[in-house]
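Chemist: Take a look at this one; I'll ask things after.
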Amino acid sequence: MLVLVINSGSSSLKYQVRDVAAGIVLTEGLIEEIGMGNGGDGDGEIEGPRDHAEALEQVDAAIHAEFGDLKLTAVGHRVVHGGERFAEPVLIDNEITRAIERLNPLAPLHNPANVLGIRAIGKKWPDLPQVAVFDTAFHRTLPEHAWRYAVPDELYTNHGIRRYGFHGTSHEYVTQRAAALLDLPVDEFDGVIAHLGNGASVTAIRRGQSVDTSMGFTPLEGLVMGTRSGDLDPSILVFLGRNGWTPEDIDTMLNRESGLKGLAGNNDMRSVVEASEAGDAKASMALAVTSYRLAKYIGGYHVAVGGAKALVFTAGIGENSHQFRALVTERLRALGIELDAGLNSQRSKEPRVISTAASVIPVLVVPTDEERAIAEATAAVVHPGSMA
């Protein structure tokens, strides 16, 4: 089964073609600067595809140039927000597309782009099955005491304000791989998964299900990230508003100018680590703040799952920054966590244990593969039983 995996951004389209049965990537690519066809400075220069439909033509041309008339079985879309309706992947039709579109206010930077990708595929290949795989779906198992905010009930009933959680496709995939590495059935796995990239979240897993997660109503809540602040006192926003900041000013500051960038002047973890090792005090403080915030969440989620059987690092920073993993786990010695320095510093693309034999809680590094998870979910929806 050949599945085209699409991850549509507002001005980009990332794609992969995967042979699901063989578990391999046939080709992949990224189309950027979509919607900039009139020239970034209004001078008429063509800088990119005019829309997602034109971007899709480039994808089709690239696939055709490499493989000729390759017959795709289905298309799987990463959709960021599924709200309360979507708890699992679904076959897309016009009603599902409209339902995703109605969730635009909950994810204004993501869902509109996801819908553009869906409609572009539908226009070009109207008979090709499309499946939506939702970032929020894995977190639909959160108990109400975890997803509720302590605000008037009308904010939830009238506006849907609650914790949704994100990175669900990654957290689910990594949960399954971590359980396999520990030779546990998924429904017996209790652990804490730290998905650490430019966007970062940590999830409490009990019996293979998400029971709490750091991202909330939007992906802004929780950990310190590349350019996002994570948790802060809401009164700060009231204070800024009373001092002349517009909602747009505040949104830009919190989502694009905060996090590592706000603390250290750079949102790239590798650069911040290098600067810290060279004696840069701001970089060292940024790492201290970021590792402390994550360690607090891990400690809390250890309680939430009734005693974690594993701490798992994944995604770009989690998989590659042995320095940051060491900073975080150093703060968790009270839990009996102890890293093996040699194993931690090794590089590998395979899931592995990086803690000592004496560590009370095993520490794992498990590479994530969201595209694979989307492709497998798509195959299971289009041909039920194919992934059994």
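To be explicit about the labels: the chains of the structure tokens are called A, B, and onward in the order shown, and within each one the residues are counted from 1, while ligands get numbers from 1 in the order they are shown.
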For segment 66-141 of chain A against segment 9-32 of chain A, with a cut-off of 12 Å and counting only C-alpha atoms, what is the closest atom pair and its distance in Å to one decimal for every residue that makes the cut, ordered by chain and number, as JSON lines?
Modeler:
```
{"residue": "A:Glu66", "atom": "CA", "partner": "A:Thr27", "partner_atom": "CA", "distance": 8.4}
{"residue": "A:Phe67", "atom": "CA", "partner": "A:Leu26", "partner_atom": "CA", "distance": 9.2}
{"residue": "A:Leu70", "atom": "CA", "partner": "A:Val17", "partner_atom": "CA", "distance": 10.1}
{"residue": "A:Lys71", "atom": "CA", "partner": "A:Val17", "partner_atom": "CA", "distance": 10.8}
{"residue": "A:Leu72", "atom": "CA", "partner": "A:Val17", "partner_atom": "CA", "distance": 8.5}
{"residue": "A:Thr73", "atom": "CA", "partner": "A:Asp19", "partner_atom": "CA", "distance": 9.8}
{"residue": "A:Ala74", "atom": "CA", "partner": "A:Val17", "partner_atom": "CA", "distance": 10.1}
{"residue": "A:Val75", "atom": "CA", "partner": "A:Val17", "partner_atom": "CA", "distance": 9.1}
{"residue": "A:Gly76", "atom": "CA", "partner": "A:Gln16", "partner_atom": "CA", "distance": 9.8}
{"residue": "A:His77", "atom": "CA", "partner": "A:Tyr15", "partner_atom": "CA", "distance": 9.5}
{"residue": "A:Arg78", "atom": "CA", "partner": "A:Gly9", "partner_atom": "CA", "distance": 10.1}
{"residue": "A:Val79", "atom": "CA", "partner": "A:Gly9", "partner_atom": "CA", "distance": 10.1}
{"residue": "A:Val80", "atom": "CA", "partner": "A:Gly9", "partner_atom": "CA", "distance": 10.2}
{"residue": "A:Ala107", "atom": "CA", "partner": "A:Ser10", "partner_atom": "CA", "distance": 11.7}
{"residue": "A:Pro108", "atom": "CA", "partner": "A:Ser10", "partner_atom": "CA", "distance": 9.7}
{"residue": "A:Leu109", "atom": "CA", "partner": "A:Ser10", "partner_atom": "CA", "distance": 6.9}
{"residue": "A:His110", "atom": "CA", "partner": "A:Gly9", "partner_atom": "CA", "distance": 6.4}
{"residue": "A:Asn111", "atom": "CA", "partner": "A:Gly9", "partner_atom": "CA", "distance": 8.7}
{"residue": "A:Pro112", "atom": "CA", "partner": "A:Ser10", "partner_atom": "CA", "distance": 7.5}
{"residue": "A:Ala113", "atom": "CA", "partner": "A:Ser10", "partner_atom": "CA", "distance": 4.8}
{"residue": "A:Asn114", "atom": "CA", "partner": "A:Gly9", "partner_atom": "CA", "distance": 6.9}
{"residue": "A:Val115", "atom": "CA", "partner": "A:Gly9", "partner_atom": "CA", "distance": 9.9}
{"residue": "A:Leu116", "atom": "CA", "partner": "A:Ser10", "partner_atom": "CA", "distance": 8.6}
{"residue": "A:Gly117", "atom": "CA", "partner": "A:Leu13", "partner_atom": "CA", "distance": 8.0}
{"residue": "A:Ile118", "atom": "CA", "partner": "A:Leu13", "partner_atom": "CA", "distance": 11.4}
{"residue": "A:Ala120", "atom": "CA", "partner": "A:Leu13", "partner_atom": "CA", "distance": 11.2}
{"residue": "A:Ile121", "atom": "CA", "partner": "A:Leu13", "partner_atom": "CA", "distance": 11.9}
```
Chemist: Could you turn the residues from that selection into a file that holds N, CA and C atoms, as a PDB file, in the first residue's frame?
Modeler:
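Heads up, here's the output in selection09.pdb:
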```pdb
ATOM      1  N   GLU A  66      10.439  10.804 -10.571  1.00  0.00           N
ATOM      2  CA  GLU A  66      11.241   9.772  -9.915  1.00  0.00           C
ATOM      3  C   GLU A  66      10.714   8.368 -10.161  1.00  0.00           C
ATOM      4  N   PHE A  67       9.378   8.235 -10.259  1.00  0.00           N
ATOM      5  CA  PHE A  67       8.793   6.889 -10.311  1.00  0.00           C
ATOM      6  C   PHE A  67       7.875   6.645 -11.499  1.00  0.00           C
ATOM      7  N   LEU A  70       3.264   6.287 -10.723  1.00  0.00           N
ATOM      8  CA  LEU A  70       3.131   5.589  -9.455  1.00  0.00           C
ATOM      9  C   LEU A  70       1.681   5.671  -8.988  1.00  0.00           C
ATOM     10  N   LYS A  71       1.087   4.518  -8.676  1.00  0.00           N
ATOM     11  CA  LYS A  71      -0.318   4.498  -8.273  1.00  0.00           C
ATOM     12  C   LYS A  71      -0.420   4.557  -6.752  1.00  0.00           C
ATOM     13  N   LEU A  72      -0.901   5.694  -6.238  1.00  0.00           N
ATOM     14  CA  LEU A  72      -1.088   5.867  -4.801  1.00  0.00           C
ATOM     15  C   LEU A  72      -2.375   5.187  -4.353  1.00  0.00           C
ATOM     16  N   THR A  73      -2.353   4.677  -3.116  1.00  0.00           N
ATOM     17  CA  THR A  73      -3.537   4.022  -2.553  1.00  0.00           C
ATOM     18  C   THR A  73      -4.408   5.012  -1.797  1.00  0.00           C
ATOM     19  N   ALA A  74      -3.760   5.948  -1.086  1.00  0.00           N
ATOM     20  CA  ALA A  74      -4.511   6.881  -0.247  1.00  0.00           C
ATOM     21  C   ALA A  74      -3.605   8.037   0.142  1.00  0.00           C
ATOM     22  N   VAL A  75      -4.212   9.072   0.715  1.00  0.00           N
ATOM     23  CA  VAL A  75      -3.481  10.226   1.240  1.00  0.00           C
ATOM     24  C   VAL A  75      -3.814  10.372   2.721  1.00  0.00           C
ATOM     25  N   GLY A  76      -2.784  10.518   3.546  1.00  0.00           N
ATOM     26  CA  GLY A  76      -2.981  10.756   4.974  1.00  0.00           C
ATOM     27  C   GLY A  76      -2.565  12.164   5.333  1.00  0.00           C
ATOM     28  N   HIS A  77      -3.435  12.906   5.991  1.00  0.00           N
ATOM     29  CA  HIS A  77      -3.168  14.292   6.360  1.00  0.00           C
ATOM     30  C   HIS A  77      -2.942  14.409   7.862  1.00  0.00           C
ATOM     31  N   ARG A  78      -1.886  15.085   8.255  1.00  0.00           N
ATOM     32  CA  ARG A  78      -1.765  15.502   9.643  1.00  0.00           C
ATOM     33  C   ARG A  78      -2.683  16.712   9.831  1.00  0.00           C
ATOM     34  N   VAL A  79      -3.654  16.583  10.743  1.00  0.00           N
ATOM     35  CA  VAL A  79      -4.544  17.692  11.081  1.00  0.00           C
ATOM     36  C   VAL A  79      -4.289  18.025  12.546  1.00  0.00           C
ATOM     37  N   VAL A  80      -3.973  19.278  12.815  1.00  0.00           N
ATOM     38  CA  VAL A  80      -3.522  19.640  14.155  1.00  0.00           C
ATOM     39  C   VAL A  80      -4.637  19.536  15.187  1.00  0.00           C
ATOM     40  N   ALA A 107      -7.368  26.542  16.206  1.00  0.00           N
ATOM     41  CA  ALA A 107      -6.001  26.392  15.687  1.00  0.00           C
ATOM     42  C   ALA A 107      -5.856  27.236  14.432  1.00  0.00           C
ATOM     43  N   PRO A 108      -5.897  28.565  14.576  1.00  0.00           N
ATOM     44  CA  PRO A 108      -5.937  29.448  13.405  1.00  0.00           C
ATOM     45  C   PRO A 108      -4.691  29.413  12.529  1.00  0.00           C
ATOM     46  N   LEU A 109      -3.567  28.952  13.067  1.00  0.00           N
ATOM     47  CA  LEU A 109      -2.345  28.881  12.272  1.00  0.00           C
ATOM     48  C   LEU A 109      -2.210  27.548  11.547  1.00  0.00           C
ATOM     49  N   HIS A 110      -3.033  26.548  11.928  1.00  0.00           N
ATOM     50  CA  HIS A 110      -2.813  25.200  11.427  1.00  0.00           C
ATOM     51  C   HIS A 110      -3.998  24.618  10.661  1.00  0.00           C
ATOM     52  N   ASN A 111      -5.180  24.588  11.278  1.00  0.00           N
ATOM     53  CA  ASN A 111      -6.301  23.927  10.615  1.00  0.00           C
ATOM     54  C   ASN A 111      -6.668  24.516   9.258  1.00  0.00           C
ATOM     55  N   PRO A 112      -6.650  25.862   9.077  1.00  0.00           N
ATOM     56  CA  PRO A 112      -6.945  26.379   7.734  1.00  0.00           C
ATOM     57  C   PRO A 112      -5.994  25.836   6.674  1.00  0.00           C
ATOM     58  N   ALA A 113      -4.716  25.693   7.031  1.00  0.00           N
ATOM     59  CA  ALA A 113      -3.744  25.141   6.082  1.00  0.00           C
ATOM     60  C   ALA A 113      -4.022  23.665   5.829  1.00  0.00           C
ATOM     61  N   ASN A 114      -4.411  22.929   6.870  1.00  0.00           N
ATOM     62  CA  ASN A 114      -4.749  21.520   6.698  1.00  0.00           C
ATOM     63  C   ASN A 114      -5.912  21.367   5.723  1.00  0.00           C
ATOM     64  N   VAL A 115      -6.921  22.233   5.842  1.00  0.00           N
ATOM     65  CA  VAL A 115      -8.083  22.177   4.957  1.00  0.00           C
ATOM     66  C   VAL A 115      -7.682  22.508   3.517  1.00  0.00           C
ATOM     67  N   LEU A 116      -6.789  23.463   3.352  1.00  0.00           N
ATOM     68  CA  LEU A 116      -6.311  23.798   2.007  1.00  0.00           C
ATOM     69  C   LEU A 116      -5.672  22.585   1.341  1.00  0.00           C
ATOM     70  N   GLY A 117      -4.867  21.840   2.119  1.00  0.00           N
ATOM     71  CA  GLY A 117      -4.239  20.642   1.572  1.00  0.00           C
ATOM     72  C   GLY A 117      -5.255  19.581   1.203  1.00  0.00           C
ATOM     73  N   ILE A 118      -6.256  19.394   2.048  1.00  0.00           N
ATOM     74  CA  ILE A 118      -7.309  18.409   1.789  1.00  0.00           C
ATOM     75  C   ILE A 118      -8.068  18.764   0.514  1.00  0.00           C
ATOM     76  N   ALA A 120      -7.086  20.676  -1.961  1.00  0.00           N
ATOM     77  CA  ALA A 120      -6.220  20.605  -3.140  1.00  0.00           C
ATOM     78  C   ALA A 120      -6.105  19.168  -3.634  1.00  0.00           C
ATOM     79  N   ILE A 121      -5.960  18.218  -2.709  1.00  0.00           N
ATOM     80  CA  ILE A 121      -5.904  16.809  -3.087  1.00  0.00           C
ATOM     81  C   ILE A 121      -7.228  16.381  -3.709  1.00  0.00           C
TER      82      ILE A 121
END
```
Chemist: Which residues of segment 157-227 of chain A sit at most 7 Å from segment 247-270 of chain A, using only C-alpha atoms? Give each one's shortest atom pair and distance in Å (one decimal place), in chain and ascending residue order, as a Markdown table.
Modeler:
```
| residue | atom | partner | partner_atom | distance |
| --- | --- | --- | --- | --- |
| A:Leu220 | CA | A:Asn255 | CA | 6.8 |
| A:Val224 | CA | A:Gly259 | CA | 5.2 |
| A:Met225 | CA | A:Gly259 | CA | 5.0 |
| A:Gly226 | CA | A:Asn267 | CA | 4.4 |
| A:Thr227 | CA | A:Gly259 | CA | 4.5 |
```
Chemist: Taking the chain letters and numbering used in this document, name the residues of segment 156-301 of chain A that DSSP puts in strand (DSSP E or B), as an NGL selection string.
Modeler: :A and (191-196 or 200-206 or 209-213)
Chemist: Convert the current residue selection to file output with N, CA, C and O atoms, as a compact mmCIF listing (two decimals), in the first residue's frame.
Modeler:
```txt
# COMPACT_ATOMS: atom_id res chain seq x y z
N GLY A 191 4.29 5.61 31.87
CA GLY A 191 5.53 6.35 31.67
C GLY A 191 5.30 7.81 31.39
O GLY A 191 4.16 8.29 31.34
N VAL A 192 6.41 8.51 31.19
CA VAL A 192 6.38 9.93 30.87
C VAL A 192 7.15 10.11 29.57
O VAL A 192 8.32 9.71 29.47
N ILE A 193 6.49 10.70 28.57
CA ILE A 193 7.08 10.92 27.25
C ILE A 193 7.37 12.40 27.07
O ILE A 193 6.46 13.22 27.17
N ALA A 194 8.63 12.74 26.82
CA ALA A 194 9.03 14.13 26.59
C ALA A 194 9.36 14.32 25.11
O ALA A 194 10.41 13.85 24.64
N HIS A 195 8.44 14.96 24.38
CA HIS A 195 8.63 15.29 22.96
C HIS A 195 9.26 16.68 22.91
O HIS A 195 8.58 17.69 23.17
N LEU A 196 10.54 16.73 22.60
CA LEU A 196 11.29 17.98 22.71
C LEU A 196 11.85 18.40 21.36
O LEU A 196 12.80 17.80 20.84
N ALA A 200 7.53 21.80 22.13
CA ALA A 200 7.82 20.74 23.09
C ALA A 200 6.62 20.47 23.97
O ALA A 200 5.90 21.39 24.37
N SER A 201 6.41 19.20 24.29
CA SER A 201 5.35 18.83 25.21
C SER A 201 5.75 17.55 25.92
O SER A 201 6.57 16.77 25.44
N VAL A 202 5.17 17.35 27.09
CA VAL A 202 5.41 16.13 27.87
C VAL A 202 4.06 15.55 28.24
O VAL A 202 3.11 16.28 28.52
N THR A 203 3.97 14.22 28.18
CA THR A 203 2.69 13.54 28.39
C THR A 203 2.82 12.43 29.41
O THR A 203 3.80 11.68 29.40
N ALA A 204 1.83 12.34 30.29
CA ALA A 204 1.73 11.25 31.26
C ALA A 204 0.95 10.11 30.64
O ALA A 204 -0.19 10.31 30.20
N ILE A 205 1.55 8.93 30.58
CA ILE A 205 0.92 7.76 29.97
C ILE A 205 0.63 6.73 31.06
O ILE A 205 1.54 6.28 31.77
N ARG A 206 -0.62 6.36 31.21
CA ARG A 206 -1.00 5.32 32.16
C ARG A 206 -1.76 4.24 31.41
O ARG A 206 -2.74 4.52 30.73
N GLN A 209 -2.38 4.94 27.79
CA GLN A 209 -3.24 6.05 27.38
C GLN A 209 -2.75 7.36 27.99
O GLN A 209 -2.17 7.39 29.08
N SER A 210 -3.03 8.45 27.28
CA SER A 210 -2.69 9.77 27.78
C SER A 210 -3.64 10.16 28.90
O SER A 210 -4.87 10.14 28.73
N VAL A 211 -3.06 10.53 30.06
CA VAL A 211 -3.91 10.96 31.19
C VAL A 211 -3.60 12.41 31.60
O VAL A 211 -4.33 12.99 32.40
N ASP A 212 -2.55 12.98 31.06
CA ASP A 212 -2.28 14.40 31.24
C ASP A 212 -1.21 14.81 30.25
O ASP A 212 -0.41 13.98 29.80
N THR A 213 -1.20 16.06 29.88
CA THR A 213 -0.22 16.54 28.91
C THR A 213 -0.02 18.04 29.09
O THR A 213 -0.92 18.74 29.56
```
Chemist: Contacts of Leu339 of chain A at 9 Å or less, counting only C-alpha atoms, minus same-chain residues fewer than 6 places along, as a short mmCIF file (atom, residue, chain, number, x, y, z; two decimals) with N, CA and C atoms, in the first residue's frame?
Modeler:
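For reference, selection34.cif as written:
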```cif
data_model
loop_
_atom_site.label_atom_id
_atom_site.label_comp_id
_atom_site.auth_asym_id
_atom_site.auth_seq_id
_atom_site.Cartn_x
_atom_site.Cartn_y
_atom_site.Cartn_z
N ARG A 325 19.53 16.29 27.92
CA ARG A 325 19.02 15.13 28.66
C ARG A 325 19.71 15.02 30.02
N ALA A 326 21.02 15.26 30.04
CA ALA A 326 21.77 15.18 31.30
C ALA A 326 21.32 16.26 32.28
N THR A 329 17.81 15.14 33.71
CA THR A 329 17.82 13.98 34.60
C THR A 329 18.62 14.25 35.87
N GLU A 330 19.59 15.16 35.82
CA GLU A 330 20.32 15.53 37.03
C GLU A 330 19.36 16.09 38.08
N ILE A 354 19.32 4.54 28.11
CA ILE A 354 20.52 5.34 28.37
C ILE A 354 20.79 5.50 29.86
N SER A 355 20.03 4.80 30.69
CA SER A 355 20.23 4.87 32.14
C SER A 355 21.08 3.70 32.60
N THR A 356 21.59 3.79 33.82
CA THR A 356 22.36 2.70 34.41
C THR A 356 21.43 1.58 34.85
N SER A 359 19.40 2.52 37.91
CA SER A 359 18.38 3.55 37.84
C SER A 359 17.01 2.97 38.18
N PRO A 362 13.93 3.44 34.29
CA PRO A 362 14.72 3.42 33.06
C PRO A 362 14.50 4.69 32.25
N VAL A 363 15.56 5.20 31.65
CA VAL A 363 15.47 6.36 30.76
C VAL A 363 15.75 5.88 29.35
#
```
Chemist: Please extract the residues of segment 119-299 of chain A with a backbone DSSP assignment of alpha helix (DSSP H) and present them as a PyMOL selection string.
Modeler: chain A and resi 119-124+144-147+153-159+168-181+235-242+247-256+259-264+269-277+281-299
Chemist: Can you spit out the residues from that selection as a compact mmCIF listing (two decimals), in the first residue's frame, using C-alpha atoms?
Modeler:
```
# COMPACT_ATOMS: atom_id res chain seq x y z
CA ARG A 119 -9.21 20.43 -0.80
CA ALA A 120 -6.22 20.60 -3.14
CA ILE A 121 -5.90 16.81 -3.09
CA GLY A 122 -9.66 16.40 -3.57
CA LYS A 123 -9.59 18.64 -6.62
CA LYS A 124 -6.61 16.95 -8.25
CA GLU A 144 -12.04 15.61 33.11
CA HIS A 145 -10.02 16.65 36.15
CA ALA A 146 -6.98 16.91 33.86
CA TRP A 147 -8.58 18.74 30.95
CA ASP A 153 -18.17 26.69 33.01
CA GLU A 154 -19.59 28.89 30.23
CA LEU A 155 -16.08 29.30 28.80
CA TYR A 156 -16.06 25.58 28.14
CA THR A 157 -19.68 25.13 27.11
CA ASN A 158 -19.84 28.22 24.89
CA HIS A 159 -16.28 28.46 23.60
CA GLY A 168 -0.55 13.21 20.02
CA THR A 169 0.55 11.27 16.94
CA SER A 170 4.14 11.35 18.19
CA HIS A 171 3.26 10.52 21.79
CA GLU A 172 1.16 7.53 20.72
CA TYR A 173 3.84 6.22 18.36
CA VAL A 174 6.61 6.59 20.95
CA THR A 175 4.45 4.98 23.66
CA GLN A 176 4.10 1.87 21.51
CA ARG A 177 7.84 1.72 20.71
CA ALA A 178 8.86 2.32 24.33
CA ALA A 179 6.57 -0.44 25.57
CA ALA A 180 8.04 -2.82 22.98
CA LEU A 181 11.60 -1.89 24.02
CA SER A 235 -1.98 38.46 35.03
CA ILE A 236 1.11 39.37 33.01
CA LEU A 237 -1.12 39.53 29.93
CA VAL A 238 -3.63 41.73 31.75
CA PHE A 239 -0.78 43.98 32.86
CA LEU A 240 0.58 44.26 29.31
CA GLY A 241 -2.89 44.98 27.90
CA ARG A 242 -3.37 47.81 30.37
CA PRO A 247 -3.66 41.12 21.46
CA GLU A 248 -1.53 40.80 18.33
CA ASP A 249 1.51 42.20 20.15
CA ILE A 250 1.04 39.74 23.01
CA ASP A 251 0.46 36.80 20.67
CA THR A 252 3.62 37.57 18.71
CA MET A 253 5.69 38.00 21.87
CA LEU A 254 4.50 34.75 23.47
CA ASN A 255 4.66 32.55 20.37
CA ARG A 256 7.55 33.98 18.37
CA GLY A 259 11.26 30.64 25.05
CA LEU A 260 14.93 30.00 24.31
CA LYS A 261 14.91 32.92 21.90
CA GLY A 262 13.67 35.31 24.59
CA LEU A 263 16.09 34.02 27.22
CA ALA A 264 19.22 33.36 25.17
CA MET A 269 19.12 24.26 21.22
CA ARG A 270 22.47 23.28 19.70
CA SER A 271 23.57 26.90 19.53
CA VAL A 272 22.37 27.59 23.08
CA VAL A 273 24.26 24.56 24.42
CA GLU A 274 27.42 25.61 22.58
CA ALA A 275 27.13 29.15 23.91
CA SER A 276 26.63 27.86 27.44
CA GLU A 277 29.67 25.61 27.19
CA ALA A 281 25.68 33.31 31.16
CA LYS A 282 22.37 33.99 29.36
CA ALA A 283 22.59 30.68 27.53
CA SER A 284 23.34 28.84 30.78
CA MET A 285 20.36 30.47 32.47
CA ALA A 286 18.12 29.59 29.50
CA LEU A 287 19.11 25.93 29.86
CA ALA A 288 18.56 26.06 33.61
CA VAL A 289 15.06 27.51 33.22
CA THR A 290 14.14 25.07 30.43
CA SER A 291 15.46 21.93 32.16
CA TYR A 292 13.91 22.94 35.50
CA ARG A 293 10.48 23.43 33.93
CA LEU A 294 10.63 20.03 32.26
CA ALA A 295 11.87 18.29 35.41
CA LYS A 296 8.93 19.73 37.37
CA TYR A 297 6.48 18.33 34.86
CA ILE A 298 8.18 14.93 34.85
CA GLY A 299 8.00 14.77 38.63
```
Chemist: Check the smallest atom-to-atom distance from each of A:Arg163, A:Ile96, A:Arg228, A:Tyr149 to Val131 of chain A using only C-alpha atoms, then report the winner.
Modeler: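 Of all the options, A:Ile96 lies closest to Val131 of chain A.
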Chemist: Quick one: of A:His81, A:Ala380, A:Glu221, A:Gly208, who's nearest to Val186 of chain A, counting only C-alpha atoms?
Modeler: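 Distance minimum relative to Val186 of chain A lands on A:Gly208.
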Chemist: Please build the interface table for segment 341-376 of chain A against segment 318-321 of chain A with a cut-off of 9 Å, listing for each qualifying residue the nearest atom pair and the distance in Å to one decimal; count only C-alpha atoms, order rows by chain and increasing number, and write it as JSON lines.
Modeler:
```
{"residue": "A:Ser345", "atom": "CA", "partner": "A:Ser321", "partner_atom": "CA", "distance": 8.5}
{"residue": "A:Arg347", "atom": "CA", "partner": "A:Asn320", "partner_atom": "CA", "distance": 7.4}
{"residue": "A:Ser348", "atom": "CA", "partner": "A:Glu319", "partner_atom": "CA", "distance": 8.8}
{"residue": "A:Lys349", "atom": "CA", "partner": "A:Glu319", "partner_atom": "CA", "distance": 8.5}
{"residue": "A:Val365", "atom": "CA", "partner": "A:Glu319", "partner_atom": "CA", "distance": 6.0}
{"residue": "A:Val366", "atom": "CA", "partner": "A:Glu319", "partner_atom": "CA", "distance": 7.1}
{"residue": "A:Pro367", "atom": "CA", "partner": "A:Glu319", "partner_atom": "CA", "distance": 6.2}
{"residue": "A:Thr368", "atom": "CA", "partner": "A:Glu319", "partner_atom": "CA", "distance": 8.6}
```
